[in-house]
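Visitor: Below are the structure tokens for one structure; questions will follow.
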Amino acid sequence: MDKKKLARVIATIIISFVMFSVFILDIVTLVLCNKYEKKYEVTVEDFSYKNGNDRIHFLNTGNSDCILLESNGHFALIDSGEGDENPRKTTEYEGYKDEVIAYLKKVAKNKKGEVYLDFILGTHNHYDHIGCFYDIINDEQIKIGRAYFKKYNKEIATELEQDGWDNVTTYNSIIESIKAKNIVLIEDLPDWEFSFGDFKLQFINTVTPKELNGNGENANSVGVIVTKGEKRAFLGADFTKTSGLEELYGEKIGDVDLLKIGHHGYYGSSSQKFLKQLKPEIAICTNFLGKIYPNVKWNLTMVAKVPIYATAHRDGIIATFTDSNEIVLTEKIM
């Protein structure tokens, strides 16, 4: 056997062994995910508000982000889910425009039959986070008080994002719609805690450090700390170790009870150091459980021993913050 053929055989054996090991690891972590999920009882949502009306709605928009905050009659939308016309790969991603708008009109409608959102927040300019905003903003039955969007920063983007994903076109269409509707646009996001119903909110990474330029649009992600009484949640947008955000802000965020896993549980999110800094008891992932990367599941289940609840697996999840300082999880909201 010549050297080239021998090298190919050895490489094939090594790759096969690695792939088999990852497969076994994934099965083990999936079993543990199912085991740890039993830490919290998850019942079917009936919209009776028996647990209170301070709630975080994690909508099922596949492997994209759409989170509705609700507190004492106030509503706000953090990201909007995957739209129907993704400029990146239009044939491979299912849009959720109709589902998101229908959910808003079901849950957040007032006595006038209108939806009023105190604010919307686009955490960063990836289509799977802001793709539905154009249609939401232009829906005549949805009114919006203010819109938080950081200015587009081309210096942060990778070459692929600029040329292949057309982030700037998506961003521009949304900003133009905001201005056309006379919605208050806030580009300089506040970094202090503010009230939202019974919740206290704080934005994290309101100004992206220049040292992260070139790390990709995920490095622009705005995280949100949600607090009620003794309970805290961190909605991690696409915070990852690889973008630099976990390292920069983990200590500042501090202990939380609930973590919305960054970047849908893909590679680079939920590093062991970050999880030790936040010490979450509940992890919610906006994705299918099977699509969460094995190393992320490993860090959460094997190291941090945190149960993972996947929104796509459960058709949406609501986390209700009760007046008795508990978090109650319900599912099948869509």
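So you can find residues: chains in the structure tokens are A, B, ... in the order shown, residues in each start at 1, and ligands are numbered from 1 in order.
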Looking only at the backbone, which of the residues in range 69-297 of chain A does DSSP tag as strand (DSSP E), as number ranges by chain?

Guide: A: 69-71, 74-78, 115-121, 142-148, 184-186, 194-196, 199-204, 223-228, 231-235, 258-260, 282-285

Visitor: Excluding Asp135 in chain A and residues on its chain fewer than 2 positions from it, collect all residues at most 12 Å away from it, counting only C-alpha atoms, and give them as a ChimeraX atom specification.

Guide: /A:80-85,95-102,130-133,137-142,170,173-174,177-178

Visitor: Applying 12 Å and only C-alpha atoms, which residues near Lys276 in chain A remain after dropping the ones on its own chain fewer than 6 positions away? List them as an MDAnalysis selection string.

Guide: chainID A and resid 246:247 250:251 253:256 270 299:300 303:306

Visitor: Would you mind telling me which residue in A:Ile317, A:Ile282, A:Ala237, A:Ile204 lies nearest to Leu329 in chain A when using only C-alpha atoms?

Guide: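 Using only C-alpha atoms, Leu329 in chain A sits closest to A:Ile317.
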
Visitor: Mind checking which residues fall within 10 Å of range 283-287 of chain A, counting only C-alpha atoms, ignoring those fewer than 5 positions away in the same chain, and posting them as a PyMOL selection string?

Guide: chain A and resi 37+58-67+81+233-237+257-266+292+300+306-314+316-317+319

Visitor: Can you tell me which residues surround Glu70 in chain A at a distance of at most 10 Å, considering only C-alpha atoms, apart from same-chain residues fewer than 4 positions away, and format the answer as a PyMOL selection string?

Guide: chain A and resi 53-57+74-77+107-108+117+196-199+320

Visitor: What residues in range 48-251 of chain A get the DSSP label alpha helix (DSSP H)? Please answer as a ChimeraX atom specification.

Guide: /A:97-107,127-130,133-137,159-163,167-180,245-251
